[in-house]
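Okay, structure first, notes after.
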Amino acid sequence: MRRERRRVTGVEQVGPYTLLRVDAGGLDAGEPGQFFMLEAPGRLLPRPMSVCLAVAGELAFLIDPIGPGTRALCALERGQELQVLGPLGNGFDLDVERPLLVGGGIGIAPLPFLSERLGGPPAIVGFRSDWHAEAAPLVPNAEVCIEPVYVTELLPDDPGDVLACGPEPMLQALRARVSHQGGGAQLAWEAPMACGYGACYGCAVEIDGELKRLCVEGPVLRAA
Ligand SMILES: Cc1cc2nc3c(=O)[nH]c(=O)nc-3n(C[C@H](O)[C@H](O)[C@H](O)COP(=O)(O)OP(=O)(O)OC[C@H]3O[C@@H](n4cnc5c(N)ncnc54)[C@H](O)[C@@H]3O)c2cc1C
Ligand code: FES
């Protein structure tokens, strides 16, 4: 884990999302599913973002502008600098036999990097509109659905090793579907995070009756 001040190398609009590219400098991209805390200009606390792409000396983050911090990040321009801390947390376990990537909405953010590391396995991605689905081509080999069709409806009877990221209802539905198949699915969860490295307890969630810090134990957890 390192903290560095990095320069923005590109800002692209992808449907409603922004793909923010920064010069990686001395930062290690980490494993898919790990995240970085990005300084949000004008905000006190940084915001957690998954690595979307790690190529040619750049780290790219796909950002949904849902509030003041994410809007400030999306408003950054090429050449500006921001503080970047990471990689943080536990990513996906890549030792899987039959990977199937599943993503919903901005939850597709870690899938391009994950797909690249796993050699382009099949994927299912779902969005709430055609506009949001403009991000789908970022994920190779993806079957795409738009609401009212949900990703769970495209899941095969024997889905193999599911690796997923998306809204909580989608993760809960996947968890219910795959738990009777051995519970081996890997699900990336979210919680508001203030520090990102275990110091503030802001991200504590109850897992099996115990409070755990999602930034340290997760964000990727086994469904079981
Ligand atoms: C490990 C991790 C990786 C993430 N990766 C990405 C990513 O790649 N791209 C991306 O766009 N977003 C990602 N997020 C979510 C992103 O960090 C939040 O959307 C952002 O912090 C919101 O900040 P804001 O100031 O824009 O909005 P805020 O005003 O802080 O929040 C807007 C609304 O969203 C809710 N909210 C904020 N953060 C979260 C959260 N983490 N979980 C659930 N609800 C929340 C708030 O309660 C509020 O209702 C990730 C979150 C985590 C924990
Ligand atoms: S975000 Fe501070 S402990 Fe997890």
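Residues in the structure tokens are named by chain (A, B, ... in the order shown) and by number from 1 within that chain; ligands are numbered from 1 in the order shown.
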Would you mind listing, for every residue of chain A within 12 Å of ligand 2, the two atoms forming the shortest contact and the distance between them in Å to one decimal, using only C-alpha atoms and all ligand atoms, sorted by chain and ascending residue number, as CSV?
```
residue,atom,partner,partner_atom_place_in_ligand_line,distance
A:Phe35,CA,ligand 2,1 (S),11.4
A:Phe36,CA,ligand 2,1 (S),11.4
A:Met37,CA,ligand 2,1 (S),9.6
A:Leu45,CA,ligand 2,1 (S),10.5
A:Pro46,CA,ligand 2,1 (S),10.2
A:Arg47,CA,ligand 2,1 (S),9.8
A:Pro48,CA,ligand 2,1 (S),8.8
A:Leu88,CA,ligand 2,4 (Fe),10.1
A:Gly89,CA,ligand 2,4 (Fe),9.1
A:Glu190,CA,ligand 2,1 (S),10.5
A:Ala191,CA,ligand 2,1 (S),8.2
A:Pro192,CA,ligand 2,1 (S),7.1
A:Met193,CA,ligand 2,1 (S),3.8
A:Ala194,CA,ligand 2,1 (S),4.6
A:Cys195,CA,ligand 2,2 (Fe),4.0
A:Gly196,CA,ligand 2,1 (S),3.9
A:Tyr197,CA,ligand 2,2 (Fe),5.6
A:Gly198,CA,ligand 2,3 (S),3.3
A:Ala199,CA,ligand 2,3 (S),4.5
A:Cys200,CA,ligand 2,2 (Fe),3.8
A:Tyr201,CA,ligand 2,3 (S),3.7
A:Gly202,CA,ligand 2,2 (Fe),5.0
A:Cys203,CA,ligand 2,4 (Fe),4.4
A:Ala204,CA,ligand 2,4 (Fe),6.5
A:Val205,CA,ligand 2,4 (Fe),9.6
A:Leu211,CA,ligand 2,3 (S),11.1
A:Lys212,CA,ligand 2,4 (Fe),8.8
A:Arg213,CA,ligand 2,4 (Fe),5.0
A:Leu214,CA,ligand 2,4 (Fe),5.8
A:Cys215,CA,ligand 2,4 (Fe),4.3
A:Val216,CA,ligand 2,4 (Fe),6.5
A:Glu217,CA,ligand 2,4 (Fe),9.0
A:Gly218,CA,ligand 2,4 (Fe),9.4
A:Pro219,CA,ligand 2,4 (Fe),9.8
```
Ser115 in chain A surroundings by only C-alpha atoms, 8 Å radius, close-in-sequence under 5 positions cut, as an MDAnalysis selection string: chainID A and resid 101 120:121 139:140
Determine, for each residue of range 41-144 of chain A having at least one atom at most 9 Å from an atom of range 3-22 of chain A, the closest pair of atoms and their separation in Å to one decimal, counting only C-alpha atoms; order by chain and ascending number, as JSON lines.
```
{"residue": "A:Cys52", "atom": "CA", "partner": "A:Leu19", "partner_atom": "CA", "distance": 8.6}
{"residue": "A:Leu53", "atom": "CA", "partner": "A:Arg21", "partner_atom": "CA", "distance": 8.7}
{"residue": "A:Gly57", "atom": "CA", "partner": "A:Val22", "partner_atom": "CA", "distance": 8.7}
{"residue": "A:Glu58", "atom": "CA", "partner": "A:Val22", "partner_atom": "CA", "distance": 5.5}
{"residue": "A:Leu59", "atom": "CA", "partner": "A:Val22", "partner_atom": "CA", "distance": 5.4}
{"residue": "A:Ala60", "atom": "CA", "partner": "A:Arg21", "partner_atom": "CA", "distance": 4.2}
{"residue": "A:Phe61", "atom": "CA", "partner": "A:Leu20", "partner_atom": "CA", "distance": 5.2}
{"residue": "A:Leu62", "atom": "CA", "partner": "A:Leu19", "partner_atom": "CA", "distance": 4.5}
{"residue": "A:Ile63", "atom": "CA", "partner": "A:Thr18", "partner_atom": "CA", "distance": 5.1}
{"residue": "A:Asp64", "atom": "CA", "partner": "A:Tyr17", "partner_atom": "CA", "distance": 4.9}
{"residue": "A:Pro65", "atom": "CA", "partner": "A:Tyr17", "partner_atom": "CA", "distance": 6.9}
{"residue": "A:Leu73", "atom": "CA", "partner": "A:Leu20", "partner_atom": "CA", "distance": 8.0}
{"residue": "A:Cys74", "atom": "CA", "partner": "A:Thr18", "partner_atom": "CA", "distance": 5.9}
{"residue": "A:Ala75", "atom": "CA", "partner": "A:Val11", "partner_atom": "CA", "distance": 8.8}
{"residue": "A:Leu76", "atom": "CA", "partner": "A:Val8", "partner_atom": "CA", "distance": 7.6}
{"residue": "A:Glu77", "atom": "CA", "partner": "A:Val11", "partner_atom": "CA", "distance": 6.6}
{"residue": "A:Arg78", "atom": "CA", "partner": "A:Val8", "partner_atom": "CA", "distance": 5.0}
{"residue": "A:Gly79", "atom": "CA", "partner": "A:Val8", "partner_atom": "CA", "distance": 5.2}
{"residue": "A:Gln80", "atom": "CA", "partner": "A:Val8", "partner_atom": "CA", "distance": 5.5}
{"residue": "A:Glu81", "atom": "CA", "partner": "A:Arg7", "partner_atom": "CA", "distance": 4.3}
{"residue": "A:Leu82", "atom": "CA", "partner": "A:Arg5", "partner_atom": "CA", "distance": 5.4}
{"residue": "A:Gln83", "atom": "CA", "partner": "A:Arg5", "partner_atom": "CA", "distance": 4.3}
{"residue": "A:Val84", "atom": "CA", "partner": "A:Glu4", "partner_atom": "CA", "distance": 5.4}
{"residue": "A:Leu85", "atom": "CA", "partner": "A:Arg3", "partner_atom": "CA", "distance": 4.2}
{"residue": "A:Gly86", "atom": "CA", "partner": "A:Arg3", "partner_atom": "CA", "distance": 6.6}
{"residue": "A:Ile106", "atom": "CA", "partner": "A:Tyr17", "partner_atom": "CA", "distance": 7.9}
{"residue": "A:Asp130", "atom": "CA", "partner": "A:Gly15", "partner_atom": "CA", "distance": 8.6}
{"residue": "A:Trp131", "atom": "CA", "partner": "A:Gly15", "partner_atom": "CA", "distance": 5.2}
{"residue": "A:His132", "atom": "CA", "partner": "A:Gly15", "partner_atom": "CA", "distance": 5.3}
{"residue": "A:Ala133", "atom": "CA", "partner": "A:Gly15", "partner_atom": "CA", "distance": 7.2}
{"residue": "A:Glu134", "atom": "CA", "partner": "A:Gly15", "partner_atom": "CA", "distance": 5.1}
{"residue": "A:Ala135", "atom": "CA", "partner": "A:Val14", "partner_atom": "CA", "distance": 5.7}
```
>> Using DSSP secondary structure from the backbone, list all helix (DSSP H, G or I) positions within range 46-213 of chain A, as a VMD selection string.
In response: chain A and resid 68 to 74 105 to 108 111 to 118 132 to 138 151 to 154 168 to 181
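If you look at CA of Pro32 in chain A and CA of Gly160 in chain A, they are 18.9 Å away from each other.
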### Task
Assign secondary structure with DSSP using the backbone only, and return the residues of range 4-213 of chain A in strand (DSSP E) as number ranges by chain.
A: 4-14, 17-23, 35-38, 47-50, 53-55, 58-63, 81-88, 99-104, 123-127, 142-146, 161-165, 186-188, 204-207, 210-213
Atom pair atom 51 (C, counted along the ligand's line) of ligand 1 + CA of Trp189 in chain A, distance 8.0 Å
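Going from CA of Glu31 in chain A over to CA of Gly91 in chain A, you cover 5.5 Å.
Among A:Val149, A:Ala29, A:Ala123, A:Leu111, the residue with the shortest atom-to-atom distance to ligand 1, counting only C-alpha atoms and all ligand atoms, is A:Leu111.
The environment of Phe92 in chain A within 10 Å, counting only C-alpha atoms and disregarding residues fewer than 3 places along the same chain, consists of A:Glu31, A:Pro32, A:Gly33, A:Gln34, A:Asp95, A:Val96, A:Pro110, A:Leu114, A:Leu163, A:Ala164, A:Gln186, A:Leu187, A:Ala188, A:Gly218, A:Pro219, A:Val220, A:Leu221, A:Arg222.
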Hey, can you spit out that residue selection with C-alpha atoms as an mmCIF file, in the first residue's frame?
```cif
data_model
loop_
_atom_site.group_PDB
_atom_site.id
_atom_site.type_symbol
_atom_site.label_atom_id
_atom_site.label_comp_id
_atom_site.auth_asym_id
_atom_site.auth_seq_id
_atom_site.Cartn_x
_atom_site.Cartn_y
_atom_site.Cartn_z
ATOM 1 C CA GLU A 31 -5.431 -7.725 -7.488
ATOM 2 C CA PRO A 32 -8.819 -7.276 -9.171
ATOM 3 C CA GLY A 33 -11.435 -6.393 -6.546
ATOM 4 C CA GLN A 34 -8.963 -4.421 -4.461
ATOM 5 C CA ASP A 95 -7.658 -19.664 -8.455
ATOM 6 C CA VAL A 96 -10.999 -20.732 -9.980
ATOM 7 C CA PRO A 110 -13.760 -4.152 -11.272
ATOM 8 C CA LEU A 114 -10.705 -9.160 -13.439
ATOM 9 C CA LEU A 163 -17.353 -13.685 -9.168
ATOM 10 C CA ALA A 164 -19.701 -10.740 -8.768
ATOM 11 C CA GLN A 186 -17.118 -14.520 -4.470
ATOM 12 C CA LEU A 187 -19.127 -11.348 -3.936
ATOM 13 C CA ALA A 188 -17.718 -7.800 -3.696
ATOM 14 C CA GLY A 218 -13.433 -7.575 2.173
ATOM 15 C CA PRO A 219 -14.636 -6.059 0.009
ATOM 16 C CA VAL A 220 -14.683 -9.513 -1.653
ATOM 17 C CA LEU A 221 -16.221 -12.201 0.563
ATOM 18 C CA ARG A 222 -17.169 -15.844 -0.078
#
```
